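Everything below belongs to final06.txt, which stores compact mmCIF, C-alpha atoms.
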```txt
# COMPACT_ATOMS: atom_id res chain seq x y z
CA MET A 287 -11.17 -69.81 77.71
CA ALA A 288 -12.76 -72.97 76.38
CA THR A 289 -11.81 -76.32 77.85
CA LEU A 290 -11.04 -79.44 75.84
CA GLU A 291 -14.51 -80.78 76.64
CA ASP A 292 -16.05 -77.73 74.93
CA LEU A 293 -13.95 -78.07 71.77
CA ASP A 294 -14.71 -80.41 68.91
CA PHE A 295 -14.02 -80.62 65.22
CA PRO A 296 -17.03 -80.03 62.98
CA LYS A 297 -18.75 -83.36 62.43
CA ALA A 298 -18.91 -83.04 58.64
CA VAL A 299 -15.21 -82.27 58.35
CA LEU A 300 -14.31 -85.08 60.70
CA MET A 301 -16.46 -87.59 58.79
CA ARG A 302 -14.88 -86.56 55.47
CA MET A 303 -11.43 -87.07 56.97
CA ILE A 304 -12.36 -90.46 58.40
CA LYS A 305 -14.04 -91.68 55.20
CA SER A 306 -11.16 -90.52 53.01
CA SER A 307 -8.69 -92.55 55.07
CA LEU A 308 -10.77 -95.76 55.27
CA PRO A 309 -11.91 -98.18 52.59
CA ASP A 310 -15.52 -97.78 51.40
CA THR A 311 -16.48 -101.14 52.88
CA ILE A 312 -15.68 -100.06 56.45
CA ALA A 313 -18.35 -98.50 58.66
CA ILE A 314 -17.64 -96.47 61.80
CA GLN A 315 -19.83 -96.40 64.91
CA LYS A 316 -21.02 -93.18 66.51
CA GLU A 317 -18.92 -93.82 69.63
CA ALA A 318 -15.85 -94.38 67.47
CA ARG A 319 -16.45 -91.02 65.72
CA SER A 320 -16.63 -89.37 69.15
CA ALA A 321 -13.41 -91.09 70.21
CA VAL A 322 -11.62 -89.93 67.04
CA SER A 323 -12.96 -86.40 67.52
CA LYS A 324 -11.80 -86.17 71.15
CA SER A 325 -8.45 -87.74 70.28
CA ALA A 326 -7.91 -85.24 67.47
CA THR A 327 -8.84 -82.36 69.77
CA VAL A 328 -6.40 -83.52 72.45
CA PHE A 329 -3.65 -84.07 69.86
CA VAL A 330 -4.08 -80.64 68.26
CA SER A 331 -4.09 -78.96 71.68
CA TYR A 332 -0.98 -80.86 72.77
CA LEU A 333 0.85 -80.11 69.50
CA ALA A 334 -0.10 -76.42 69.72
CA ALA A 335 1.22 -76.22 73.30
CA ALA A 336 4.48 -77.92 72.25
CA ALA A 337 4.84 -75.55 69.25
CA ASN A 338 4.17 -72.61 71.58
CA ASP A 339 7.00 -73.80 73.82
CA CYS A 340 9.31 -73.96 70.78
CA ALA A 341 8.37 -70.41 69.77
CA ARG A 342 8.93 -69.07 73.30
CA THR A 343 12.37 -70.67 73.51
CA ASP A 344 13.22 -68.61 70.40
CA GLY A 345 11.81 -65.50 72.10
CA ARG A 346 8.69 -65.20 69.91
CA LYS A 347 4.98 -65.09 70.70
CA THR A 348 3.91 -66.23 67.22
CA ILE A 349 4.00 -69.90 66.24
CA MET A 350 5.70 -70.45 62.88
CA PRO A 351 5.70 -73.62 60.72
CA ASN A 352 9.22 -74.51 61.93
CA ASP A 353 7.90 -74.47 65.51
CA VAL A 354 5.28 -77.06 64.54
CA TYR A 355 7.93 -79.22 62.87
CA ARG A 356 10.14 -79.05 65.98
CA ALA A 357 7.10 -79.82 68.17
CA LEU A 358 6.35 -82.93 66.13
CA GLU A 359 9.95 -84.05 66.61
CA ALA A 360 9.72 -83.27 70.35
CA VAL A 361 6.60 -85.43 70.81
CA GLY A 362 8.14 -88.35 68.91
CA LEU A 363 6.41 -87.88 65.56
CA ALA A 364 9.40 -86.80 63.47
CA GLU A 365 8.41 -89.19 60.65
CA PHE A 366 5.44 -86.90 59.83
CA VAL A 367 7.58 -83.78 59.29
CA PRO A 368 8.64 -84.44 55.64
CA GLU A 369 5.05 -85.13 54.53
CA LEU A 370 3.79 -82.09 56.43
CA VAL A 371 6.41 -79.88 54.73
CA VAL A 372 5.27 -81.14 51.30
CA GLN A 373 1.56 -80.67 52.10
CA LEU A 374 2.12 -77.19 53.51
CA GLU A 375 4.03 -76.18 50.36
CA LYS A 376 1.20 -77.49 48.15
CA HIS A 377 -1.34 -75.59 50.23
CA SER A 378 0.70 -72.37 49.99
CA VAL A 379 0.90 -72.69 46.20
CA LEU A 380 -2.87 -73.26 45.93
CA VAL A 381 -3.64 -70.24 48.11
CA LYS A 382 -1.26 -68.08 46.06
CA GLU A 383 -2.84 -69.26 42.79
CA LYS A 384 -6.35 -68.51 44.09
CA LYS A 385 -5.31 -65.00 45.12
CA GLU A 386 -3.69 -64.36 41.74
CA ALA A 387 -6.76 -65.68 39.89
CA ALA A 388 -9.08 -63.50 41.99
CA ALA A 389 -6.91 -60.44 41.34
CA LYS A 390 -6.85 -61.23 37.61
CA ASP A 391 -10.65 -61.62 37.50
CA LYS A 392 -11.10 -58.35 39.35
CA ALA A 393 -8.74 -56.55 36.96
CA GLU A 394 -10.60 -57.99 33.94
CA LYS A 395 -13.96 -56.88 35.32
CA GLU A 396 -12.63 -53.38 35.96
CA GLU A 397 -11.20 -53.31 32.44
CA GLU A 398 -14.56 -54.37 30.97
CA THR A 399 -16.33 -51.67 32.96
CA GLU A 400 -13.89 -49.04 31.73
CA THR A 401 -14.34 -50.22 28.13
CA ASP A 402 -18.12 -50.04 28.49
CA ASP A 403 -17.82 -46.55 29.99
CA GLU A 404 -15.79 -45.40 27.00
CA ARG A 405 -18.45 -46.68 24.61
CA GLY A 406 -21.20 -45.13 26.71
CA GLU A 407 -22.74 -48.53 27.34
CA ALA A 408 -22.31 -48.56 31.06
CA VAL A 409 -25.47 -49.37 32.92
CA GLU A 410 -25.92 -47.65 36.22
CA PRO A 411 -27.19 -49.83 39.03
CA VAL A 412 -30.81 -49.20 39.93
CA ASP A 413 -31.40 -47.94 43.42
CA GLU A 414 -34.28 -49.81 45.08
CA ALA A 415 -35.83 -46.55 46.22
CA ASP A 416 -35.96 -45.37 42.61
CA ALA A 417 -37.21 -48.68 41.21
CA GLU A 418 -40.92 -47.98 41.65
CA PRO A 419 -42.04 -44.36 41.79
CA VAL A 420 -44.64 -43.79 44.48
CA ASP A 421 -47.47 -41.33 44.04
CA GLU A 422 -47.66 -39.41 47.31
CA ALA A 423 -51.44 -39.12 47.03
CA ASP A 424 -51.70 -42.93 47.14
CA ALA A 425 -49.22 -43.32 49.97
CA GLU A 426 -50.56 -44.13 53.40
CA PRO A 427 -49.76 -41.68 56.18
CA VAL A 428 -46.75 -42.79 58.16
CA GLY A 429 -46.32 -41.96 61.81
CA GLU A 430 -49.79 -40.49 62.28
CA THR A 431 -52.13 -41.79 64.94
CA ILE A 432 -55.79 -42.49 64.38
CA ALA A 433 -56.72 -39.42 66.38
CA GLU A 434 -54.67 -37.22 64.02
CA THR A 435 -56.40 -38.62 60.93
CA VAL A 436 -59.99 -38.33 62.29
CA GLU A 437 -61.53 -35.05 61.26
CA PRO A 438 -64.12 -33.60 63.64
CA SER A 439 -67.59 -33.06 62.17
CA VAL A 440 -67.71 -29.51 63.55
CA GLU A 441 -64.61 -27.34 63.69
CA PRO A 442 -63.92 -26.00 67.19
CA SER A 443 -64.15 -22.30 67.76
CA ALA A 444 -61.49 -20.35 69.55
CA ASP A 445 -64.15 -19.48 72.15
CA PRO A 446 -65.67 -22.70 73.58
CA THR A 447 -68.72 -20.82 74.86
CA ALA A 448 -69.53 -19.61 71.34
CA ASN A 449 -70.39 -23.10 70.08
CA PRO A 450 -70.84 -25.61 72.95
CA SER A 451 -71.90 -28.42 70.59
CA ALA A 452 -68.51 -28.28 68.85
CA THR A 453 -66.71 -28.97 72.13
CA GLU A 454 -69.01 -31.87 72.89
CA THR A 455 -68.48 -33.35 69.41
CA ASN A 456 -64.70 -33.21 69.71
CA GLU A 457 -64.81 -34.77 73.18
CA THR A 458 -67.16 -37.48 71.91
CA ASN A 459 -64.84 -38.33 68.99
CA ALA A 460 -61.86 -38.49 71.33
CA MET A 461 -63.76 -40.75 73.73
CA ASP A 462 -64.82 -43.07 70.92
CA ILE A 463 -61.23 -43.47 69.74
CA ASP A 464 -59.73 -43.93 73.19
CA ASP A 465 -62.49 -46.05 74.74
CA PRO A 466 -64.72 -48.17 72.47
CA ASP A 467 -67.10 -48.87 75.40
CA ALA A 468 -67.71 -45.14 75.92
CA LYS A 469 -70.22 -45.01 73.07
CA ARG A 470 -72.25 -47.83 74.69
CA GLN A 471 -72.24 -46.01 78.02
CA ARG A 472 -73.33 -42.74 76.41
CA THR A 473 -76.32 -44.36 74.66
CA GLU A 474 -77.54 -46.13 77.81
```

Could you write out this structure as structure tokens?
Amino acid sequence: MATLEDLDFPKAVLMRMIKSSLPDTIAIQKEARSAVSKSATVFVSYLAAAANDCARTDGRKTIMPNDVYRALEAVGLAEFVPELVVQLEKHSVLVKEKKEAAAKDKAEKEEETETDDERGEAVEPVDEADAEPVDEADAEPVGETIAETVEPSVEPSADPTANPSATETNETNAMDIDDPDAKRQRTE
């Protein structure tokens, strides 16, 4: 579990909060931002612990908004409860409106797709694999090693004694591929 020293509010969010509550003519030092950040972290942790205590006294493991309101009253900040109730209600309405708008947009898109399908105007998405046909003759071999692609100059016979030069040629090609210095040694 993280300790309070490890926790911090995101700097950008914290700066927006600070700037929105101060006049434009006021500047804030870096140390002051750190002090506000640590203070906010301690306050949120303390309020969460107090709200957890309120929930447990009611026999629940889940913190509800009423637990937070009671925790604010318990820590001596009862004057913030009415404003918090109003802000939470506004937030709930906004979230509900966003969900309804997203559902409406999704339904409209599905309706448009169905209408296009009925007219025969639906366009099927293009699969990337089908986008550019590849001629297999032009394709490079995949998964083959160099030794598999090198063709020997003389085909080996089933009987190595029948054509001894074929065996030597195949061994020479294999040596050249495996050891580039082998050719130098052979010529010396």

Open item on the list: I'd like the interatomic distance between CA of Pro368 (chain A) and CA of Tyr355 (chain A), to a tenth of an Å.
Closed with: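 CA of Tyr355 (chain A) lies at a distance of 8.9 Å from CA of Pro368 (chain A).
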
Open item on the list: Between CA of Asn338 (chain A) and CA of Val354 (chain A), what is the distance in Å, rounded to a tenth?
Closed with: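 CA of Val354 (chain A) lies at a distance of 8.4 Å from CA of Asn338 (chain A).
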
Task: Pick from A:Leu374, A:Leu293, A:Leu363, A:Ala341 nearest to Thr327 (chain A), counting all atoms listed in the file - done: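 Between A:Leu374, A:Leu293, A:Leu363, A:Ala341, the residue approaching Thr327 (chain A) most closely is A:Leu293.
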
- [ ] Do a neighbour search on Met303 (chain A) at 12 Å with all atoms listed in the file, toss out local chain neighbours closer than 5 positions, and write the hits as a PyMOL selection string.
- [x] chain A and resi 295-298+308-309+319+322-323+326

- [ ] State, in Å with one decimal place, the distance from CA of Val379 (chain A) to CA of Leu300 (chain A).
- [x]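 Straight-line distance from CA of Val379 (chain A) to CA of Leu300 (chain A) works out to 24.4 Å.
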
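Comparing the minimum interatomic distances between Val361 (chain A) and each of A:Lys382, A:Tyr332, A:Val299, A:Ser306, counting all atoms listed in the file, we find that A:Tyr332 sits nearest.
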